[in-house]
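Undergrad: The file below is start.txt, compact mmCIF, C-alpha atoms:
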# COMPACT_ATOMS: atom_id res chain seq x y z
CA MET A 1 -57.96 57.24 -20.56
CA ALA A 2 -59.75 57.83 -23.81
CA GLU A 3 -57.41 60.64 -24.83
CA SER A 4 -54.33 58.50 -24.45
CA ALA A 5 -55.75 55.77 -26.64
CA VAL A 6 -54.65 55.56 -30.24
CA VAL A 7 -57.48 56.86 -32.39
CA HIS A 8 -57.61 54.88 -35.59
CA THR A 9 -59.73 56.63 -38.15
CA GLY A 10 -57.78 56.09 -41.33
CA GLY A 11 -58.64 57.80 -44.56
CA ASP A 12 -57.65 61.26 -45.71
CA SER A 13 -60.45 63.34 -44.20
CA ALA A 14 -59.54 62.55 -40.60
CA ARG A 15 -59.05 66.21 -39.75
CA SER A 16 -62.43 67.46 -41.00
CA PRO A 17 -65.46 67.48 -38.69
CA ARG A 18 -66.99 64.05 -38.25
CA TRP A 19 -70.33 64.92 -39.78
CA ARG A 20 -68.62 66.12 -42.98
CA GLU A 21 -66.84 62.81 -43.07
CA PHE A 22 -70.16 61.06 -42.52
CA ILE A 23 -71.87 62.81 -45.44
CA GLY A 24 -68.82 62.33 -47.60
CA ASP A 25 -68.74 58.61 -46.85
CA TRP A 26 -72.38 58.02 -47.67
CA SER A 27 -72.32 60.10 -50.85
CA SER A 28 -69.11 58.59 -52.11
CA ASP A 29 -68.71 56.18 -54.98
CA GLN A 30 -68.48 52.40 -54.62
CA ARG A 31 -67.93 52.08 -50.88
CA ALA A 32 -69.34 53.83 -47.81
CA PHE A 33 -67.34 52.19 -45.02
CA LYS A 34 -63.97 53.84 -45.60
CA GLY A 35 -61.03 52.47 -43.71
CA VAL A 36 -63.02 49.41 -42.69
CA SER A 37 -61.98 46.13 -44.21
CA TRP A 38 -64.42 43.98 -46.15
CA GLY A 39 -64.43 41.26 -43.50
CA LYS A 40 -65.11 43.62 -40.63
CA ALA A 41 -67.91 45.47 -42.41
CA MET A 42 -69.56 42.17 -43.32
CA MET A 43 -69.30 40.93 -39.74
CA TRP A 44 -70.99 44.12 -38.51
CA ILE A 45 -73.77 43.73 -41.06
CA PHE A 46 -74.24 40.10 -40.06
CA LEU A 47 -74.43 41.14 -36.42
CA LEU A 48 -77.04 43.75 -37.31
CA SER A 49 -79.18 41.08 -38.98
CA ASP A 50 -78.67 38.81 -35.97
CA THR A 51 -79.83 41.68 -33.76
CA PHE A 52 -83.14 41.61 -35.60
CA ILE A 53 -83.46 37.85 -35.14
CA PHE A 54 -82.98 38.07 -31.38
CA SER A 55 -85.18 41.16 -31.25
CA CYS A 56 -87.99 39.19 -32.87
CA PHE A 57 -87.56 36.38 -30.33
CA LEU A 58 -87.71 38.78 -27.41
CA LEU A 59 -90.65 40.57 -29.03
CA SER A 60 -92.62 37.36 -29.43
CA TYR A 61 -91.83 36.61 -25.79
CA MET A 62 -93.14 40.03 -24.79
CA THR A 63 -96.27 39.48 -26.86
CA VAL A 64 -97.21 36.06 -25.45
CA ARG A 65 -96.36 37.08 -21.90
CA SER A 66 -98.44 40.24 -21.94
CA SER A 67 -101.43 38.67 -23.71
CA THR A 68 -101.85 35.50 -21.61
CA THR A 69 -104.54 35.35 -18.93
CA VAL A 70 -102.59 32.69 -17.01
CA PRO A 71 -99.99 33.95 -14.49
CA TRP A 72 -96.39 33.88 -15.73
CA PRO A 73 -94.01 31.61 -13.75
CA ASN A 74 -91.75 33.53 -11.35
CA ALA A 75 -88.27 33.30 -12.91
CA SER A 76 -86.66 34.17 -9.60
CA GLU A 77 -88.07 30.96 -8.07
CA VAL A 78 -87.88 28.76 -11.18
CA PHE A 79 -84.16 29.40 -11.59
CA ALA A 80 -83.31 29.23 -7.89
CA LEU A 81 -80.77 26.69 -6.69
CA HIS A 82 -80.82 24.90 -3.35
CA ILE A 83 -77.45 25.74 -1.80
CA GLY A 84 -76.50 25.28 1.85
CA GLY A 85 -80.00 24.50 3.02
CA GLN A 86 -81.72 27.47 1.39
CA ASP A 87 -82.95 28.56 -2.01
CA VAL A 88 -80.74 31.20 -3.59
CA PRO A 89 -82.76 32.96 -6.29
CA LEU A 90 -81.43 33.10 -9.83
CA ILE A 91 -77.91 32.20 -8.69
CA LEU A 92 -77.00 29.96 -11.64
CA ILE A 93 -78.04 32.66 -14.11
CA ALA A 94 -75.95 35.22 -12.20
CA ILE A 95 -72.90 32.95 -12.37
CA MET A 96 -73.49 32.37 -16.11
CA THR A 97 -73.63 36.14 -16.59
CA PHE A 98 -70.32 36.65 -14.81
CA VAL A 99 -68.69 33.83 -16.78
CA LEU A 100 -69.80 35.32 -20.10
CA ILE A 101 -68.64 38.82 -19.12
CA SER A 102 -65.28 37.39 -18.12
CA SER A 103 -64.99 35.68 -21.49
CA SER A 104 -65.65 39.03 -23.15
CA GLY A 105 -62.89 40.60 -21.07
CA THR A 106 -60.33 37.97 -22.07
CA MET A 107 -61.44 38.27 -25.72
CA ALA A 108 -60.93 42.05 -25.72
CA MET A 109 -57.41 41.55 -24.40
CA ALA A 110 -56.73 38.83 -26.97
CA VAL A 111 -57.57 41.33 -29.75
CA ASN A 112 -55.16 43.77 -28.17
CA PHE A 113 -52.29 41.31 -28.02
CA ALA A 114 -53.06 40.13 -31.54
CA TYR A 115 -52.38 43.60 -32.93
CA ARG A 116 -49.15 43.66 -30.94
CA ARG A 117 -48.32 40.39 -32.72
CA ASP A 118 -47.90 38.58 -29.42
CA ARG A 119 -48.88 35.11 -30.65
CA ARG A 120 -48.54 33.29 -27.36
CA LYS A 121 -50.65 35.66 -25.25
CA THR A 122 -53.27 35.99 -27.99
CA ALA A 123 -53.73 32.24 -28.36
CA ILE A 124 -53.83 31.65 -24.59
CA LEU A 125 -56.41 34.40 -24.06
CA MET A 126 -58.55 33.10 -26.93
CA LEU A 127 -58.46 29.58 -25.54
CA LEU A 128 -59.38 30.98 -22.11
CA THR A 129 -62.30 32.75 -23.78
CA ALA A 130 -63.35 29.47 -25.41
CA LEU A 131 -63.08 27.74 -22.03
CA PHE A 132 -65.38 30.32 -20.41
CA GLY A 133 -67.77 29.86 -23.34
CA ALA A 134 -67.76 26.10 -22.91
CA MET A 135 -68.42 26.58 -19.18
CA PHE A 136 -71.39 28.77 -20.06
CA VAL A 137 -72.83 26.15 -22.41
CA GLY A 138 -72.24 23.48 -19.77
CA MET A 139 -74.20 25.44 -17.18
CA GLN A 140 -76.94 26.03 -19.71
CA ALA A 141 -77.14 22.27 -20.35
CA PHE A 142 -77.42 21.77 -16.59
CA GLU A 143 -80.20 24.36 -16.41
CA TRP A 144 -82.10 22.75 -19.29
CA THR A 145 -81.77 19.31 -17.72
CA LYS A 146 -83.02 20.60 -14.38
CA LEU A 147 -86.04 22.29 -15.93
CA ILE A 148 -86.91 19.33 -18.15
CA MET A 149 -86.73 17.02 -15.12
CA GLU A 150 -89.12 19.36 -13.33
CA GLY A 151 -91.60 18.99 -16.16
CA VAL A 152 -91.01 22.05 -18.32
CA ARG A 153 -91.96 21.43 -21.95
CA PRO A 154 -92.46 23.81 -24.86
CA TRP A 155 -96.21 23.30 -24.40
CA GLU A 156 -96.59 23.07 -20.61
CA ASN A 157 -94.96 23.60 -17.23
CA PRO A 158 -96.03 23.10 -13.62
CA TRP A 159 -96.08 26.78 -12.66
CA GLY A 160 -98.23 28.77 -15.04
CA ALA A 161 -98.47 30.02 -18.61
CA PRO A 162 -97.44 27.27 -21.06
CA GLN A 163 -95.71 29.82 -23.29
CA PHE A 164 -92.97 30.06 -20.65
CA GLY A 165 -91.44 26.81 -21.89
CA SER A 166 -91.58 27.59 -25.59
CA THR A 167 -90.02 31.03 -25.26
CA PHE A 168 -87.43 29.76 -22.77
CA PHE A 169 -86.23 26.91 -24.97
CA MET A 170 -86.24 29.00 -28.14
CA ILE A 171 -84.44 32.05 -26.77
CA THR A 172 -81.82 30.32 -24.62
CA GLY A 173 -81.43 27.54 -27.17
CA PHE A 174 -80.68 29.97 -29.97
CA HIS A 175 -78.30 31.91 -27.76
CA GLY A 176 -76.56 28.71 -26.63
CA THR A 177 -76.12 27.71 -30.27
CA HIS A 178 -74.46 31.05 -30.94
CA VAL A 179 -72.11 30.52 -28.00
CA THR A 180 -71.25 27.01 -29.22
CA ILE A 181 -70.46 28.24 -32.74
CA GLY A 182 -68.37 31.02 -31.15
CA VAL A 183 -66.36 28.49 -29.12
CA ILE A 184 -65.63 26.46 -32.26
CA PHE A 185 -64.47 29.54 -34.16
CA LEU A 186 -62.35 30.71 -31.24
CA ILE A 187 -60.52 27.40 -31.19
CA ILE A 188 -59.97 27.45 -34.97
CA ILE A 189 -58.61 31.01 -34.95
CA ALA A 190 -56.53 30.41 -31.80
CA ARG A 191 -54.86 27.46 -33.54
CA LYS A 192 -54.05 29.63 -36.55
CA VAL A 193 -52.60 32.32 -34.28
CA TRP A 194 -50.52 29.73 -32.41
CA ARG A 195 -49.18 28.30 -35.68
CA GLY A 196 -48.20 31.76 -36.86
CA ASP A 197 -50.55 31.80 -39.87
CA TYR A 198 -51.07 35.53 -39.49
CA ASP A 199 -47.36 36.31 -39.39
CA THR A 200 -46.71 34.36 -42.58
CA GLU A 201 -50.01 35.53 -44.14
CA ARG A 202 -50.89 31.92 -44.84
CA ARG A 203 -54.08 31.66 -46.89
CA GLY A 204 -57.23 30.48 -45.14
CA PHE A 205 -59.30 27.47 -46.14
CA PHE A 206 -62.56 29.35 -46.52
CA THR A 207 -62.03 32.49 -48.57
CA SER A 208 -58.38 31.77 -49.41
CA GLY A 209 -57.64 35.35 -48.40
CA ARG A 210 -54.33 36.16 -46.76
CA GLY A 211 -54.34 35.54 -43.01
CA ARG A 212 -54.04 38.71 -40.93
CA TYR A 213 -54.45 39.58 -37.28
CA GLU A 214 -57.65 41.50 -37.98
CA LEU A 215 -59.39 38.11 -38.07
CA VAL A 216 -58.93 37.96 -34.30
CA GLU A 217 -60.78 41.26 -33.97
CA ILE A 218 -63.57 40.05 -36.28
CA THR A 219 -63.97 36.86 -34.24
CA GLY A 220 -63.98 39.09 -31.17
CA LEU A 221 -66.84 41.17 -32.60
CA TYR A 222 -68.96 38.04 -32.89
CA TRP A 223 -68.05 36.94 -29.38
CA HIS A 224 -68.86 40.31 -27.81
CA PHE A 225 -72.18 40.27 -29.65
CA VAL A 226 -73.05 36.94 -28.02
CA ASP A 227 -72.32 38.56 -24.66
CA LEU A 228 -74.39 41.59 -25.69
CA VAL A 229 -77.41 39.44 -26.53
CA TRP A 230 -77.13 37.76 -23.14
CA VAL A 231 -77.34 41.18 -21.45
CA PHE A 232 -80.78 41.63 -23.03
CA ILE A 233 -81.94 38.06 -22.36
CA PHE A 234 -80.82 38.36 -18.73
CA ALA A 235 -82.76 41.61 -18.31
CA PHE A 236 -85.95 40.70 -20.14
CA PHE A 237 -86.35 36.98 -19.60
CA TYR A 238 -84.78 36.35 -16.20
CA LEU A 239 -85.17 39.62 -14.32
CA TRP A 240 -88.41 41.10 -15.68
CA MET B 1 -48.88 53.72 -20.22
CA ALA B 2 -46.10 51.35 -19.24
CA HIS B 3 -47.62 48.87 -21.65
CA ALA B 4 -47.27 51.13 -24.64
CA SER B 5 -43.59 51.76 -24.03
CA ALA B 6 -42.89 48.12 -23.22
CA HIS B 7 -44.34 47.05 -26.53
CA ALA B 8 -42.78 49.83 -28.55
CA PRO B 9 -40.16 47.52 -30.13
CA ALA B 10 -42.90 45.15 -31.26
CA ALA B 11 -44.83 48.01 -32.82
CA ALA B 12 -41.73 49.22 -34.58
CA HIS B 13 -41.67 46.04 -36.69
CA GLY B 14 -44.59 47.00 -38.84
CA HIS B 15 -46.74 50.07 -39.04
CA ALA B 16 -49.17 50.64 -36.18
CA GLU B 17 -52.25 48.63 -37.06
CA GLY B 18 -55.74 47.96 -35.78
CA GLN B 19 -57.18 48.74 -32.41
CA GLN B 20 -54.47 49.29 -29.81
CA HIS B 21 -55.49 50.59 -26.44
CA PRO B 22 -54.00 50.19 -22.97
CA ILE B 23 -54.96 46.90 -21.30
CA LYS B 24 -56.04 48.93 -18.28
CA LEU B 25 -58.98 50.29 -20.29
CA TYR B 26 -60.34 46.77 -20.80
CA LEU B 27 -59.86 45.87 -17.15
CA VAL B 28 -61.77 48.99 -16.07
CA VAL B 29 -64.66 48.19 -18.44
CA TRP B 30 -64.61 44.58 -17.26
CA GLY B 31 -64.82 45.76 -13.66
CA TRP B 32 -67.77 48.03 -14.41
CA LEU B 33 -69.60 45.19 -16.19
CA PHE B 34 -69.17 43.07 -13.07
CA VAL B 35 -70.46 45.86 -10.85
CA LEU B 36 -73.47 46.55 -13.09
CA SER B 37 -74.31 42.84 -13.33
CA THR B 38 -74.17 42.58 -9.56
CA PHE B 39 -76.55 45.53 -9.29
CA SER B 40 -78.96 43.84 -11.76
CA TYR B 41 -78.84 40.68 -9.71
CA LEU B 42 -79.46 42.59 -6.48
CA VAL B 43 -82.61 44.12 -8.01
CA ASP B 44 -84.02 40.59 -8.06
CA TYR B 45 -82.40 39.52 -4.80
CA PHE B 46 -84.03 42.34 -2.83
CA HIS B 47 -87.40 41.75 -4.54
CA LEU B 48 -87.79 45.29 -5.83
CA GLN B 49 -91.13 45.57 -7.61
CA GLY B 50 -93.06 47.76 -10.02
CA TYR B 51 -91.65 50.75 -11.88
CA LEU B 52 -88.54 50.91 -9.70
CA ARG B 53 -87.62 47.34 -10.70
CA TRP B 54 -88.27 47.86 -14.41
CA THR B 55 -86.42 51.18 -14.50
CA LEU B 56 -83.35 49.78 -12.74
CA ILE B 57 -83.29 46.67 -14.97
CA LEU B 58 -83.43 48.81 -18.12
CA VAL B 59 -80.83 51.31 -16.88
CA PHE B 60 -78.30 48.62 -15.94
CA MET B 61 -79.03 46.75 -19.20
CA MET B 62 -78.41 49.82 -21.37
CA LEU B 63 -75.24 50.76 -19.46
CA LYS B 64 -73.84 47.24 -19.89
CA ALA B 65 -74.78 47.10 -23.57
CA GLY B 66 -73.21 50.53 -24.10
CA LEU B 67 -69.93 49.53 -22.44
CA ILE B 68 -69.67 46.32 -24.47
CA VAL B 69 -70.42 48.00 -27.82
CA ALA B 70 -68.35 51.14 -27.20
CA PHE B 71 -65.19 49.62 -25.74
CA PHE B 72 -65.06 45.86 -26.32
CA MET B 73 -66.39 46.13 -29.87
CA HIS B 74 -64.40 49.35 -30.41
CA MET B 75 -67.43 51.23 -31.71
CA LYS B 76 -66.12 54.35 -29.96
CA TRP B 77 -63.18 54.49 -32.33
CA GLU B 78 -65.00 53.61 -35.53
CA ARG B 79 -66.02 56.11 -38.17
CA LEU B 80 -69.34 57.86 -37.74
CA THR B 81 -70.59 56.16 -40.91
CA LEU B 82 -70.30 52.68 -39.43
CA ILE B 83 -71.65 53.79 -36.05
CA TYR B 84 -74.86 55.17 -37.53
CA ALA B 85 -75.27 52.30 -39.97
CA MET B 86 -75.22 49.86 -37.03
CA LEU B 87 -77.01 51.81 -34.28
CA LEU B 88 -79.88 53.47 -36.16
CA PRO B 89 -81.60 50.42 -37.78
CA PRO B 90 -82.26 48.67 -34.41
CA LEU B 91 -84.41 51.68 -33.47
CA ALA B 92 -87.00 50.25 -35.89
CA VAL B 93 -87.39 47.45 -33.34
CA LEU B 94 -88.85 50.00 -30.92
CA VAL B 95 -91.65 50.68 -33.41
CA PHE B 96 -92.27 46.93 -33.58
CA VAL B 97 -92.35 46.81 -29.76
CA ALA B 98 -95.01 49.52 -29.71
CA ILE B 99 -97.11 47.71 -32.33
CA MET B 100 -96.92 44.37 -30.52
CA ALA B 101 -97.60 45.92 -27.10
CA TRP B 102 -100.79 47.36 -28.55
CA GLU B 103 -101.64 44.11 -30.27
CA SER B 104 -101.15 41.96 -27.16
CA ASP B 105 -103.21 44.41 -25.13
CA TYR B 106 -106.06 43.86 -27.58
CA THR B 107 -105.57 40.07 -27.53
CA LEU B 108 -105.72 40.04 -23.74
CA LEU B 109 -108.87 42.16 -23.79
CA SER B 110 -110.56 39.77 -26.28
CA ARG B 111 -109.58 36.76 -24.20
CA VAL B 112 -110.96 38.27 -21.03
CA THR B 113 -114.23 39.49 -22.58
CA SER B 114 -115.00 36.64 -25.01
CA MET B 115 -113.48 33.52 -23.51
CA GLY B 116 -114.65 34.11 -19.96
CA THR B 117 -111.15 33.62 -18.58
CA PRO B 118 -110.30 35.54 -15.42
CA MET B 119 -107.99 38.53 -15.65
Could you render the structure as structure tokens?

TA:
Amino acid sequence: MAESAVVHTGGDSARSPRWREFIGDWSSDQRAFKGVSWGKAMMWIFLLSDTFIFSCFLLSYMTVRSSTTVPWPNASEVFALHIGGQDVPLILIAIMTFVLISSSGTMAMAVNFAYRRDRRKTAILMLLTALFGAMFVGMQAFEWTKLIMEGVRPWENPWGAPQFGSTFFMITGFHGTHVTIGVIFLIIIARKVWRGDYDTERRGFFTSGRGRYELVEITGLYWHFVDLVWVFIFAFFYLW
Amino acid sequence: MAHASAHAPAAAHGHAEGQQHPIKLYLVVWGWLFVLSTFSYLVDYFHLQGYLRWTLILVFMMLKAGLIVAFFMHMKWERLTLIYAMLLPPLAVLVFVAIMAWESDYTLLSRVTSMGTPM
């Protein structure tokens, strides 16, 4: 499958070994990221900085959890839902995970159709992605409500170490904010795609740069990152 | 490959641009992410404990993260320069993890020995 894909390297040294290209890029004048647009490089660098933010959150969670003398609440039981007369462990979180992965799938396809200049399919897939994202935030709101009703606060909870609440609200809250911002941006970009802004190269309101379909890919990078962060939160906070 | 030929007229308009891969590739990755997520969930569902649990969680996590970054974020097709610039710095986090693991170990020890709290 990989061989049949179009390899897009750009630049003039595409035929030389990749490590030569690597050294050449880093030792070159003015710009290192050859063949990568300004917007895309900046999005990657932003995502790298965001990686460190979420890393620090998960690190602080690790630190408080492994240094407390009070037992940590069992996430499997805390996040269980009562369905059909029995408690299904962690089921809401599992559904949220599948919803977010599905949104990543539709986003990846939206990027694909964007480069094929298929406005209709791109906009529909982006709106579908936004819908999945909104569903995710909705389920998170439900989860927060449920836990708050059960007495979870940033400083206490009925089951064990009080730090459970503070790390839970901070980590999932920050992630939920990212998802919400992503949904807003998806809708804005989808509208521009629908209107044909990227065919006519209409200038944007923010940087006044010419509109181009790469913006769909850049939005996609952010969206996939949100999904990526959830993979780590799911593993470390909910499953550990 | 039917997709590529079906969209050939559209591609002929302008020059080939951006990331264009068969839709099937995304569906396959999507499928694998579903399978791996199910496995992660089953680790909890079957109450696996200890090192087996932690190993499986980490393996499924890294596989999922790898699939998302490599295919959905198109890292696989980026230049080596960008790949290293994005993947190497997060390794510093591992050093931080080691420092804080050591630190929290010490905190726990102080709490147990000085504050009279049970282990």

Undergrad: At most 6 Å is the cut-off: for each residue in chain B with any atom that close to an atom of chain A, write down the nearest atom pair and the distance in Å rounded to one decimal, counting all atoms listed in the file, chain first then increasing number, as CSV.

TA:
residue,atom,partner,partner_atom,distance
B:Gln20,CA,A:Asn112,CA,5.8
B:His21,CA,A:Ala5,CA,5.2
B:Trp30,CA,A:Gly105,CA,5.8
B:Ala65,CA,A:Leu228,CA,5.9
B:Phe72,CA,A:Ala108,CA,5.7
B:Met73,CA,A:Leu221,CA,5.7
B:Leu80,CA,A:Phe22,CA,5.8
B:Thr81,CA,A:Phe22,CA,5.2
B:Ser104,CA,A:Ser67,CA,4.8
B:Thr107,CA,A:Ser67,CA,5.8
B:Leu108,CA,A:Ser67,CA,4.5
B:Met119,CA,A:Thr69,CA,5.7

Undergrad: Restricting the calculation to only C-alpha atoms: of A:Arg195, A:Ser208, A:Asn157, A:Gly182, which residue gets closest to A:Asn74?

TA: A:Asn157

Undergrad: What's around stretch 147-151 of chain A at 9 Å? Count only C-alpha atoms, leave out sequence neighbours fewer than 5 positions away in its own chain, and write the answer as a PyMOL selection string.

TA: chain A and resi 78-79+142+156-158

Undergrad: Work out how far apart atom CA of A:Pro162 and atom CA of A:Ile83 are and give it in Å to one decimal.

TA: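 Interatomic distance, atom CA of A:Pro162 to atom CA of A:Ile83: 27.8 Å.
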
Undergrad: Atom CA of A:Gly165 and atom CA of A:Thr177 are how many Å apart?

TA: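 One can read the atom CA of A:Gly165 to atom CA of A:Thr177 distance as 17.5 Å.
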
Undergrad: Report the distance between atom CA of A:His82 and atom CA of A:Glu143 in Å, rounded to one decimal place.

TA: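 Result for atom CA of A:His82 versus atom CA of A:Glu143: 13.1 Å, one decimal.
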
Undergrad: From the set B:Gly31, B:Phe39, B:Gly18, B:Ile68, which residue has the shortest atom-to-atom contact distance to B:Leu56, counting only C-alpha atoms?

TA: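 The closest residue to B:Leu56 is B:Phe39.
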
Undergrad: Counting all atoms listed in the file, figure out which residue out of B:Met61, B:Met75, B:Val95, B:Leu36 gets nearest to B:Gln19.

TA: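 Looking only at the distances to B:Gln19, the closest residue turns out to be B:Met75.
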